[in-house]
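work.cif (mmCIF, C-alpha atoms)
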```
data_final
#
loop_
_atom_site.group_PDB
_atom_site.id
_atom_site.type_symbol
_atom_site.label_atom_id
_atom_site.label_comp_id
_atom_site.auth_asym_id
_atom_site.auth_seq_id
_atom_site.Cartn_x
_atom_site.Cartn_y
_atom_site.Cartn_z
ATOM 1 C CA MET W 3 61.301 146.829 85.690
ATOM 2 C CA THR W 4 63.076 143.525 86.242
ATOM 3 C CA ALA W 5 62.849 141.170 83.291
ATOM 4 C CA PRO W 6 60.437 138.304 84.042
ATOM 5 C CA ARG W 7 61.723 134.760 84.287
ATOM 6 C CA ARG W 8 60.602 132.325 81.617
ATOM 7 C CA VAL W 9 59.701 129.096 83.413
ATOM 8 C CA LEU W 10 59.012 126.214 81.041
ATOM 9 C CA PRO W 11 58.553 122.559 82.041
ATOM 10 C CA GLY W 12 61.356 120.250 80.995
ATOM 11 C CA THR W 13 64.083 122.902 81.260
ATOM 12 C CA THR W 14 67.501 122.074 82.721
ATOM 13 C CA TYR W 15 69.221 124.750 84.816
ATOM 14 C CA LEU W 16 72.454 125.576 86.553
ATOM 15 C CA ILE W 17 71.284 127.178 89.799
ATOM 16 C CA THR W 18 73.546 129.349 91.960
ATOM 17 C CA ARG W 19 72.627 130.845 95.348
ATOM 18 C CA ARG W 20 75.013 132.947 97.455
ATOM 19 C CA CYS W 21 75.068 133.654 101.180
ATOM 20 C CA SER W 22 74.631 137.158 102.560
ATOM 21 C CA GLU W 23 77.863 139.182 102.452
ATOM 22 C CA ARG W 24 79.605 136.043 101.107
ATOM 23 C CA ARG W 25 79.815 134.704 104.667
ATOM 24 C CA PHE W 26 80.561 131.041 105.332
ATOM 25 C CA PHE W 27 77.112 130.131 106.651
ATOM 26 C CA LEU W 28 77.213 126.903 104.602
ATOM 27 C CA ARG W 29 80.652 125.853 105.839
ATOM 28 C CA PRO W 30 80.677 122.038 105.858
ATOM 29 C CA SER W 31 79.519 120.476 109.111
ATOM 30 C CA GLU W 32 77.320 117.586 110.115
ATOM 31 C CA ALA W 33 74.433 119.977 110.769
ATOM 32 C CA VAL W 34 74.718 121.891 107.483
ATOM 33 C CA ASN W 35 75.197 118.755 105.382
ATOM 34 C CA GLU W 36 72.155 117.088 106.978
ATOM 35 C CA ILE W 37 69.925 120.131 106.627
ATOM 36 C CA VAL W 38 70.712 120.938 103.007
ATOM 37 C CA LEU W 39 70.426 117.345 101.784
ATOM 38 C CA PHE W 40 67.143 116.786 103.636
ATOM 39 C CA VAL W 41 65.543 119.997 102.394
ATOM 40 C CA LEU W 42 66.811 119.469 98.840
ATOM 41 C CA ALA W 43 65.271 115.995 98.783
ATOM 42 C CA LEU W 44 61.984 117.356 100.174
ATOM 43 C CA ALA W 45 61.838 120.220 97.682
ATOM 44 C CA ALA W 46 62.674 117.972 94.721
ATOM 45 C CA ARG W 47 59.901 115.536 95.635
ATOM 46 C CA ARG W 48 57.380 118.297 96.346
ATOM 47 C CA TYR W 49 57.902 120.182 93.067
ATOM 48 C CA GLY W 50 58.821 117.400 90.640
ATOM 49 C CA VAL W 51 62.381 118.606 90.119
ATOM 50 C CA LEU W 52 65.041 116.138 88.976
ATOM 51 C CA VAL W 53 68.393 116.644 90.679
ATOM 52 C CA HIS W 54 71.463 115.770 88.608
ATOM 53 C CA ALA W 55 74.376 117.221 90.591
ATOM 54 C CA PHE W 56 75.190 119.632 93.396
ATOM 55 C CA CYS W 57 78.089 121.239 95.199
ATOM 56 C CA VAL W 58 77.630 123.237 98.407
ATOM 57 C CA LEU W 59 80.617 125.432 99.192
ATOM 58 C CA SER W 60 80.957 127.503 102.354
ATOM 59 C CA ASN W 61 79.334 130.663 100.985
ATOM 60 C CA HIS W 62 77.351 129.506 97.964
ATOM 61 C CA ALA W 63 75.670 126.483 96.453
ATOM 62 C CA HIS W 64 75.355 125.137 92.912
ATOM 63 C CA LEU W 65 72.676 122.765 91.615
ATOM 64 C CA VAL W 66 72.103 121.197 88.210
ATOM 65 C CA VAL W 67 68.421 120.296 87.939
ATOM 66 C CA THR W 68 65.625 119.706 85.453
ATOM 67 C CA ASP W 69 62.285 121.325 86.232
ATOM 68 C CA THR W 70 59.754 118.805 84.918
ATOM 69 C CA THR W 71 56.610 120.723 85.925
ATOM 70 C CA GLY W 72 57.493 124.390 85.376
ATOM 71 C CA SER W 73 57.678 125.052 89.117
ATOM 72 C CA LEU W 74 61.250 126.275 89.546
ATOM 73 C CA PRO W 75 60.409 129.458 91.542
ATOM 74 C CA GLY W 76 58.286 127.448 93.984
ATOM 75 C CA PHE W 77 61.048 124.871 94.347
ATOM 76 C CA MET W 78 63.659 127.545 95.039
ATOM 77 C CA GLN W 79 61.451 129.462 97.469
ATOM 78 C CA TYR W 80 60.827 126.303 99.487
ATOM 79 C CA LEU W 81 64.497 125.260 99.381
ATOM 80 C CA ASP W 82 65.917 128.690 100.197
ATOM 81 C CA SER W 83 63.445 129.458 102.978
ATOM 82 C CA LEU W 84 63.752 126.172 104.844
ATOM 83 C CA VAL W 85 67.549 125.939 104.493
ATOM 84 C CA ALA W 86 67.915 129.529 105.721
ATOM 85 C CA ARG W 87 65.713 129.030 108.781
ATOM 86 C CA ALA W 88 67.212 125.676 109.722
ATOM 87 C CA VAL W 89 70.868 126.661 109.280
ATOM 88 C CA ASN W 90 70.258 129.989 111.015
ATOM 89 C CA ALA W 91 68.793 128.091 113.965
ATOM 90 C CA SER W 92 71.865 125.853 114.099
ATOM 91 C CA LEU W 93 74.081 128.971 114.151
ATOM 92 C CA GLY W 94 71.987 130.846 116.696
ATOM 93 C CA ARG W 95 71.248 133.743 114.346
ATOM 94 C CA PHE W 96 68.099 135.364 112.954
ATOM 95 C CA GLU W 97 69.190 137.809 110.248
ATOM 96 C CA GLY W 98 69.082 137.453 106.464
ATOM 97 C CA PHE W 99 70.821 134.306 105.259
ATOM 98 C CA TRP W 100 70.965 134.672 101.471
ATOM 99 C CA SER W 101 72.449 137.525 99.487
ATOM 100 C CA SER W 102 70.079 140.428 98.984
ATOM 101 C CA ASP W 103 71.847 141.583 95.804
ATOM 102 C CA ALA W 104 69.577 139.390 93.743
ATOM 103 C CA SER W 105 67.580 136.216 93.878
ATOM 104 C CA TYR W 106 69.039 132.917 92.739
ATOM 105 C CA SER W 107 70.768 132.688 89.372
ATOM 106 C CA ALA W 108 69.200 130.218 86.924
ATOM 107 C CA VAL W 109 71.189 129.643 83.735
ATOM 108 C CA GLU W 110 69.738 127.386 81.042
ATOM 109 C CA PRO W 111 72.341 125.329 79.125
ATOM 110 C CA LEU W 112 70.907 125.048 75.613
ATOM 111 C CA GLY W 113 72.498 121.793 74.448
ATOM 112 C CA ALA W 114 73.740 118.509 75.865
ATOM 113 C CA GLU W 115 77.367 119.645 75.570
ATOM 114 C CA ASP W 116 76.474 122.791 77.518
ATOM 115 C CA VAL W 117 74.776 120.758 80.250
ATOM 116 C CA LEU W 118 77.909 118.628 80.479
ATOM 117 C CA ALA W 119 80.149 121.694 80.709
ATOM 118 C CA LYS W 120 78.044 123.311 83.437
ATOM 119 C CA THR W 121 77.882 120.090 85.456
ATOM 120 C CA ALA W 122 81.663 119.719 85.242
ATOM 121 C CA TYR W 123 82.010 123.359 86.321
ATOM 122 C CA VAL W 124 79.873 122.647 89.398
ATOM 123 C CA LEU W 125 81.793 119.544 90.423
ATOM 124 C CA ALA W 126 85.218 121.136 89.907
ATOM 125 C CA ASN W 127 84.240 124.232 91.897
ATOM 126 C CA PRO W 128 86.059 123.293 95.144
ATOM 127 C CA VAL W 129 89.304 123.101 93.158
ATOM 128 C CA ALA W 130 88.612 126.303 91.221
ATOM 129 C CA ALA W 131 88.069 128.095 94.549
ATOM 130 C CA GLY W 132 91.495 126.945 95.796
ATOM 131 C CA LEU W 133 90.014 124.868 98.609
ATOM 132 C CA VAL W 134 91.102 121.283 97.847
ATOM 133 C CA ARG W 135 93.354 119.657 95.232
ATOM 134 C CA ARG W 136 90.680 117.199 94.155
ATOM 135 C CA ALA W 137 86.979 117.949 94.288
ATOM 136 C CA ALA W 138 86.290 114.522 95.818
ATOM 137 C CA GLU W 139 88.140 115.695 98.929
ATOM 138 C CA TRP W 140 85.546 118.396 99.613
ATOM 139 C CA PRO W 141 83.933 117.675 103.038
ATOM 140 C CA GLY W 142 80.639 119.349 102.171
ATOM 141 C CA LEU W 143 77.821 118.134 99.951
ATOM 142 C CA TRP W 144 79.202 117.179 96.557
ATOM 143 C CA THR W 145 78.100 114.805 93.820
ATOM 144 C CA SER W 146 80.539 112.224 92.529
ATOM 145 C CA PRO W 147 80.117 111.572 88.782
ATOM 146 C CA GLU W 148 79.763 107.866 89.614
ATOM 147 C CA GLN W 149 76.621 108.607 91.635
ATOM 148 C CA ILE W 150 74.667 110.209 88.800
ATOM 149 C CA GLY W 151 72.135 107.810 87.375
ATOM 150 C CA ALA W 152 73.128 105.173 89.908
ATOM 151 C CA ALA W 153 72.815 106.446 93.475
ATOM 152 C CA LYS W 154 69.726 106.950 95.591
ATOM 153 C CA LEU W 155 70.613 109.084 98.609
ATOM 154 C CA THR W 156 68.702 108.758 101.869
ATOM 155 C CA ALA W 157 68.329 112.030 103.762
ATOM 156 C CA ARG W 158 67.246 111.765 107.393
ATOM 157 C CA LYS W 159 65.418 114.537 109.188
ATOM 158 C CA PRO W 160 67.963 116.524 111.211
ATOM 159 C CA GLN W 161 67.490 116.673 114.961
ATOM 160 C CA ARG W 162 68.057 120.433 114.965
ATOM 161 C CA PHE W 163 65.192 122.816 114.127
ATOM 162 C CA PHE W 164 62.797 120.169 112.749
ATOM 163 C CA ASP W 165 59.995 118.956 115.027
ATOM 164 C CA PRO W 166 60.523 115.217 115.635
ATOM 165 C CA LYS W 167 56.726 114.821 115.808
ATOM 166 C CA GLY W 168 55.986 117.164 112.917
ATOM 167 C CA TYR W 169 54.422 116.356 109.558
ATOM 168 C CA LEU W 170 57.718 116.062 107.660
ATOM 169 C CA PRO W 171 58.913 112.494 107.051
ATOM 170 C CA ASP W 172 61.731 111.028 109.136
ATOM 171 C CA GLU W 173 63.643 110.334 105.930
ATOM 172 C CA VAL W 174 63.322 111.050 102.245
ATOM 173 C CA GLU W 175 65.140 109.605 99.236
ATOM 174 C CA LEU W 176 66.877 111.652 96.562
ATOM 175 C CA GLN W 177 67.554 109.931 93.243
ATOM 176 C CA LEU W 178 70.418 111.489 91.286
ATOM 177 C CA THR W 179 69.368 111.311 87.644
ATOM 178 C CA VAL W 180 71.133 111.802 84.318
ATOM 179 C CA PRO W 181 70.224 115.038 82.507
ATOM 180 C CA PRO W 182 68.217 114.688 79.295
ATOM 181 C CA GLY W 183 70.079 114.509 76.011
ATOM 182 C CA PHE W 184 72.491 111.640 76.683
ATOM 183 C CA ALA W 185 72.354 108.124 75.284
ATOM 184 C CA SER W 186 72.926 106.421 78.626
ATOM 185 C CA ALA W 187 73.932 106.983 82.216
ATOM 186 C CA ALA W 188 77.251 105.267 81.552
ATOM 187 C CA GLU W 189 78.017 107.641 78.661
ATOM 188 C CA PHE W 190 77.233 110.706 80.747
ATOM 189 C CA ARG W 191 79.301 109.522 83.719
ATOM 190 C CA ALA W 192 82.306 108.797 81.506
ATOM 191 C CA LEU W 193 82.112 112.166 79.751
ATOM 192 C CA LEU W 194 81.611 114.001 83.040
ATOM 193 C CA SER W 195 84.491 112.261 84.832
ATOM 194 C CA SER W 196 86.850 113.189 82.016
ATOM 195 C CA ALA W 197 85.615 116.805 81.929
ATOM 196 C CA VAL W 198 85.969 117.201 85.702
ATOM 197 C CA GLN W 199 89.511 115.803 85.663
ATOM 198 C CA GLU W 200 90.498 118.224 82.895
ATOM 199 C CA LEU W 201 89.064 121.178 84.810
ATOM 200 C CA GLU W 202 90.749 120.125 88.039
ATOM 201 C CA GLU W 203 94.126 119.962 86.290
ATOM 202 C CA LYS W 204 93.501 123.362 84.705
ATOM 203 C CA HIS W 205 92.648 124.912 88.080
ATOM 204 C CA ARG W 206 95.670 123.323 89.795
ATOM 205 C CA ASN W 207 97.986 124.703 87.133
ATOM 206 C CA ALA W 208 96.429 128.168 87.406
ATOM 207 C CA LEU W 209 96.825 128.183 91.182
ATOM 208 C CA ALA W 210 100.451 127.051 90.934
ATOM 209 C CA ALA W 211 101.177 129.788 88.374
ATOM 210 C CA GLN W 212 99.883 132.342 90.884
ATOM 211 C CA GLY W 213 102.108 130.917 93.617
ATOM 212 C CA ARG W 214 99.100 129.985 95.737
ATOM 213 C CA ARG W 215 98.388 126.864 97.768
ATOM 214 C CA PHE W 216 95.174 125.042 98.433
ATOM 215 C CA LEU W 217 93.508 125.841 101.720
ATOM 216 C CA GLY W 218 92.946 122.174 102.602
ATOM 217 C CA VAL W 219 90.146 120.378 104.423
ATOM 218 C CA ALA W 220 91.406 121.061 107.962
ATOM 219 C CA ARG W 221 91.573 124.824 107.437
ATOM 220 C CA VAL W 222 88.191 124.874 105.683
ATOM 221 C CA LEU W 223 86.572 123.167 108.670
ATOM 222 C CA ALA W 224 88.372 125.500 111.091
ATOM 223 C CA GLN W 225 86.844 128.620 109.508
ATOM 224 C CA SER W 226 84.186 130.537 111.394
ATOM 225 C CA PRO W 227 80.776 130.387 109.663
ATOM 226 C CA PHE W 228 80.573 134.157 110.251
ATOM 227 C CA ALA W 229 83.830 134.882 108.377
ATOM 228 C CA ARG W 230 84.075 135.703 104.686
ATOM 229 C CA PRO W 231 86.793 135.851 102.001
ATOM 230 C CA ALA W 232 89.149 138.806 102.226
ATOM 231 C CA ALA W 233 89.138 139.620 98.519
ATOM 232 C CA GLY W 234 86.244 141.518 97.011
ATOM 233 C CA GLU W 235 83.883 140.083 94.465
ATOM 234 C CA PRO W 236 83.140 141.703 91.077
ATOM 235 C CA ARG W 237 79.790 143.471 90.940
ATOM 236 C CA PHE W 238 77.535 144.846 88.230
ATOM 237 C CA GLU W 239 78.530 142.111 85.790
ATOM 238 C CA LEU W 240 76.293 140.525 83.194
ATOM 239 C CA LYS W 241 73.920 137.918 84.601
ATOM 240 C CA PRO W 242 73.253 135.447 81.807
ATOM 241 C CA ARG W 243 70.119 133.335 81.660
ATOM 242 C CA ILE W 244 71.340 130.943 78.979
ATOM 243 C CA ALA W 245 74.613 129.203 78.159
ATOM 244 C CA ALA W 246 75.741 127.779 74.823
ATOM 245 C CA ARG W 247 79.170 127.229 73.347
ATOM 246 C CA ASP W 248 77.739 127.315 69.834
ATOM 247 C CA LYS W 249 77.402 130.944 68.702
ATOM 248 C CA TRP W 250 74.255 130.483 66.608
ATOM 249 C CA ARG W 251 72.483 128.429 69.258
ATOM 250 C CA ARG W 252 73.315 131.163 71.755
ATOM 251 C CA ILE W 253 71.931 133.877 69.465
ATOM 252 C CA GLU W 254 68.776 131.836 68.896
ATOM 253 C CA GLY W 255 68.350 131.397 72.660
ATOM 254 C CA ILE W 256 68.780 135.130 73.291
ATOM 255 C CA LEU W 257 66.183 135.952 70.638
ATOM 256 C CA ARG W 258 63.696 133.509 72.170
ATOM 257 C CA LEU W 259 64.167 135.109 75.581
ATOM 258 C CA ARG W 260 63.790 138.602 74.126
ATOM 259 C CA SER W 261 60.605 137.546 72.350
ATOM 260 C CA PHE W 262 59.220 136.160 75.614
ATOM 261 C CA VAL W 263 60.012 139.362 77.554
ATOM 262 C CA ASP W 264 58.467 141.584 74.856
ATOM 263 C CA ALA W 265 55.290 139.477 74.699
ATOM 264 C CA TYR W 266 55.056 139.352 78.486
ATOM 265 C CA ARG W 267 55.354 143.124 78.899
ATOM 266 C CA LYS W 268 52.734 143.813 76.240
ATOM 267 C CA ALA W 269 50.348 141.341 77.866
ATOM 268 C CA PHE W 270 51.085 142.780 81.307
ATOM 269 C CA GLU W 271 50.257 146.320 80.196
ATOM 270 C CA ALA W 272 46.986 145.095 78.711
ATOM 271 C CA TRP W 273 46.189 143.140 81.886
ATOM 272 C CA ARG W 274 46.872 146.221 84.033
ATOM 273 C CA SER W 275 44.359 148.031 81.847
ATOM 274 C CA SER W 276 41.720 145.449 82.904
ATOM 275 C CA ALA W 277 41.942 143.312 79.743
ATOM 276 C CA ARG W 278 41.407 140.044 81.597
ATOM 277 C CA ASP W 279 41.170 137.981 78.410
ATOM 278 C CA VAL W 280 44.756 138.775 77.402
ATOM 279 C CA VAL W 281 46.970 135.714 76.807
ATOM 280 C CA PHE W 282 50.443 135.739 78.337
ATOM 281 C CA PRO W 283 53.327 133.888 76.650
ATOM 282 C CA ALA W 284 54.166 130.319 77.641
ATOM 283 C CA GLY W 285 56.586 130.341 80.555
ATOM 284 C CA THR W 286 54.764 133.059 82.540
ATOM 285 C CA TYR W 287 54.905 131.960 86.172
ATOM 286 C CA LEU W 288 53.974 134.387 88.954
ATOM 287 C CA LEU W 289 50.839 135.906 87.400
ATOM 288 C CA ARG W 290 49.691 132.432 86.382
ATOM 289 C CA VAL W 291 50.118 131.075 89.913
ATOM 290 C CA LEU W 292 48.833 134.105 91.853
ATOM 291 C CA HIS W 293 46.167 135.462 89.502
ATOM 292 C CA GLY W 294 45.367 132.624 87.114
ATOM 293 C CA VAL W 295 46.102 134.578 83.930
ATOM 294 C CA GLN W 296 45.670 132.792 80.619
ATOM 295 C CA CYS W 297 48.905 131.541 79.069
ATOM 296 C CA ALA W 298 49.773 130.240 75.641
ATOM 297 C CA ARG W 299 50.354 126.514 75.401
ATOM 298 C CA VAL W 300 53.897 125.222 75.568
ATOM 299 C CA ARG W 301 55.135 124.183 72.157
ATOM 300 C CA THR W 302 56.567 120.685 72.027
#
```
Can you dump the structure from the file as C-alpha cells?
Amino acid sequence: MTAPRRVLPGTTYLITRRCSERRFFLRPSEAVNEIVLFVLALAARRYGVLVHAFCVLSNHAHLVVTDTTGSLPGFMQYLDSLVARAVNASLGRFEGFWSSDASYSAVEPLGAEDVLAKTAYVLANPVAAGLVRRAAEWPGLWTSPEQIGAAKLTARKPQRFFDPKGYLPDEVELQLTVPPGFASAAEFRALLSSAVQELEEKHRNALAAQGRRFLGVARVLAQSPFARPAAGEPRFELKPRIAARDKWRRIEGILRLRSFVDAYRKAFEAWRSSARDVVFPAGTYLLRVLHGVQCARVRT
C-alpha cells in the first residue's frame, strides 16, 4: 500500500515532475515555453497556489510553491494534464507524456534555510546538468532571483491546442512571490542570488574536474524532443518527502509524517469496516475530496 500524502494548507514544496523515458518533450521552444507558463499561471490561480520559482529543463521540471489551501494534488493534476495534452498536440503525439514510474515528487523543506537551499538548487539546475555555464543563459522557463517578489508575469493563451473562442482567458498573470519565513523580499533575493552563484561555481568546477564541457544553448535547441540522455538514471532510490539540514528538525519531521501515516491507516481500516464516523488525521486529501470523510482540524 502506497503511503498517503499529507496535504496541509500553508506548506511549501519543492515539486519535481519527469517526462516519460526521460525524453526531451519539454525542450525549450516558443510553443513549450508559452504552454507551460500559461498553464502554470492558470493552475496557480485556480487552486490558490503561490509560485516562488521554477525551472523547466528538457526532460523534467522543478517548482517551488506554497499551497495555501491544501489543494496540491488538484493543482498538480490540472497542471500535469493540461501541459501533457497541449505539448503532445504541439509535437503531434498521443502517448503518455509524464513518467509512469511514479507521480510527481513533493518534498517539504522544513525551515527557511531549507527553502532557500531548495530554491537555489532549482535555479542552478541547468548548470548542474551540464547544459549552460550560467543558469541565466537557459533558454527555457527559468526564474531569475531578481524576479521573486517583484515580477508579475503575463502569460498569453498559446495559439496551439487552446480554442481561441474557449472559456479560458486570453491572458493570465502570475505573481512570483517570496516564500514564507523571510524578513523581506530584498533579503530573500540577496540570499538566493549568493546561494545560486555558489552552486554554479561548484557545478562548473565539478564538470571541469571530469573533463566535460557544457552542452551550450545552440546544441540544447538542436536536440530532438524525442531524444533522451544516453546515460542511465539511478532507480529504486529513497524518495524523501521532507528536507532539513538540521538533524533534529529532520527527525521531528519524519516522526510527524510517520504519525500521520499510522493514524491514516487506522482510520482507513475502520472506514472500510463501515465506521463512517471515524476521524481521519489532518492532511488527508483524496478521501476528504471524493468521499467527504471527517478530518481532524489543522493545528495552527
Write out as an mmCIF file with C-alpha atoms, keeping the file's coordinate frame which residues come within 6 Å of segment 116-130 of chain W when counting only C-alpha atoms, dropping same-chain ones fewer than 6 positions away.
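Written out: selection-v6.cif:
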```cif
data_model
loop_
_atom_site.group_PDB
_atom_site.id
_atom_site.type_symbol
_atom_site.label_atom_id
_atom_site.label_comp_id
_atom_site.auth_asym_id
_atom_site.auth_seq_id
_atom_site.Cartn_x
_atom_site.Cartn_y
_atom_site.Cartn_z
ATOM 1 C CA ALA W 137 86.979 117.949 94.288
ATOM 2 C CA ALA W 197 85.615 116.805 81.929
ATOM 3 C CA VAL W 198 85.969 117.201 85.702
ATOM 4 C CA GLU W 202 90.749 120.125 88.039
ATOM 5 C CA HIS W 205 92.648 124.912 88.080
ATOM 6 C CA ALA W 246 75.741 127.779 74.823
#
```
Q | Selected residue, from W:Val281, W:Ala91, W:Ala55, W:Leu288, that lies nearest to Gln177 of chain W when counting only C-alpha atoms | A |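 Comparing W:Val281, W:Ala91, W:Ala55, W:Leu288 against Gln177 of chain W, the winner is W:Ala55.
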Q: One decimal, Å: what's the distance from atom CA of Tyr266 of chain W over to atom CA of Pro6 of chain W, could you say?
A: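 Atom-to-atom, atom CA of Tyr266 of chain W and atom CA of Pro6 of chain W are spaced 7.8 Å apart.
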Q | Neighbour residues at most 12 Å from (77.0, 143.4, 104.3) (all atoms listed in the file) as a list in words | A |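 Neighbouring residues, ordered by chain and number, come to Cys21, Ser22, Glu23, Arg24, Arg25, Glu97, Gly98, Phe99, Trp100, Ser101, Ser102, Asp103, Phe228, Ala229, Arg230 and Gly234 of chain W.
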Q. For Arg47 of chain W, which residue out of W:Ala108, W:Ala220, W:Val89, W:Val174 is the nearest one, using all atoms listed in the file?
A.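 Closest to Arg47 of chain W of all the choices is W:Val174.
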Applying 8 Å and all atoms listed in the file, which residues near Leu178 of chain W remain after dropping the ones on its own chain fewer than 3 positions away? List them as a PDB file with C-alpha atoms, keeping the file's coordinate frame.
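Contents of selection_14.pdb, as written:
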```
ATOM      1  CA  LEU W  52      65.041 116.138  88.976  1.00  0.00           C
ATOM      2  CA  VAL W  53      68.393 116.644  90.679  1.00  0.00           C
ATOM      3  CA  HIS W  54      71.463 115.770  88.608  1.00  0.00           C
ATOM      4  CA  ALA W  55      74.376 117.221  90.591  1.00  0.00           C
ATOM      5  CA  GLN W 149      76.621 108.607  91.635  1.00  0.00           C
ATOM      6  CA  ILE W 150      74.667 110.209  88.800  1.00  0.00           C
ATOM      7  CA  GLY W 151      72.135 107.810  87.375  1.00  0.00           C
ATOM      8  CA  ALA W 152      73.128 105.173  89.908  1.00  0.00           C
ATOM      9  CA  ALA W 153      72.815 106.446  93.475  1.00  0.00           C
ATOM     10  CA  LYS W 154      69.726 106.950  95.591  1.00  0.00           C
ATOM     11  CA  LEU W 155      70.613 109.084  98.609  1.00  0.00           C
TER      12      LEU W 155
END
```
Q: Can you give me, as a list in words, the residues this file yields under the PyMOL selection byres ((chain W and resi 156-161) around 9)?
A: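 Checked against the file, the PyMOL selection byres ((chain W and resi 156-161) around 9) matches Ala33, Glu36, Ile37, Leu39, Phe40, Val41, Ala43, Lys154, Leu155, Arg162, Phe163, Phe164, Asp165, Pro166, Leu170, Pro171, Asp172, Glu173, Val174, Glu175, Leu176 and Gln177 of chain W.
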**Q.** Arg252 of chain W surroundings by only C-alpha atoms, 12 Å radius, close-in-sequence under 3 positions cut, as a PyMOL selection string
**A.** chain W and resi 110-113+116+242-249+255-259
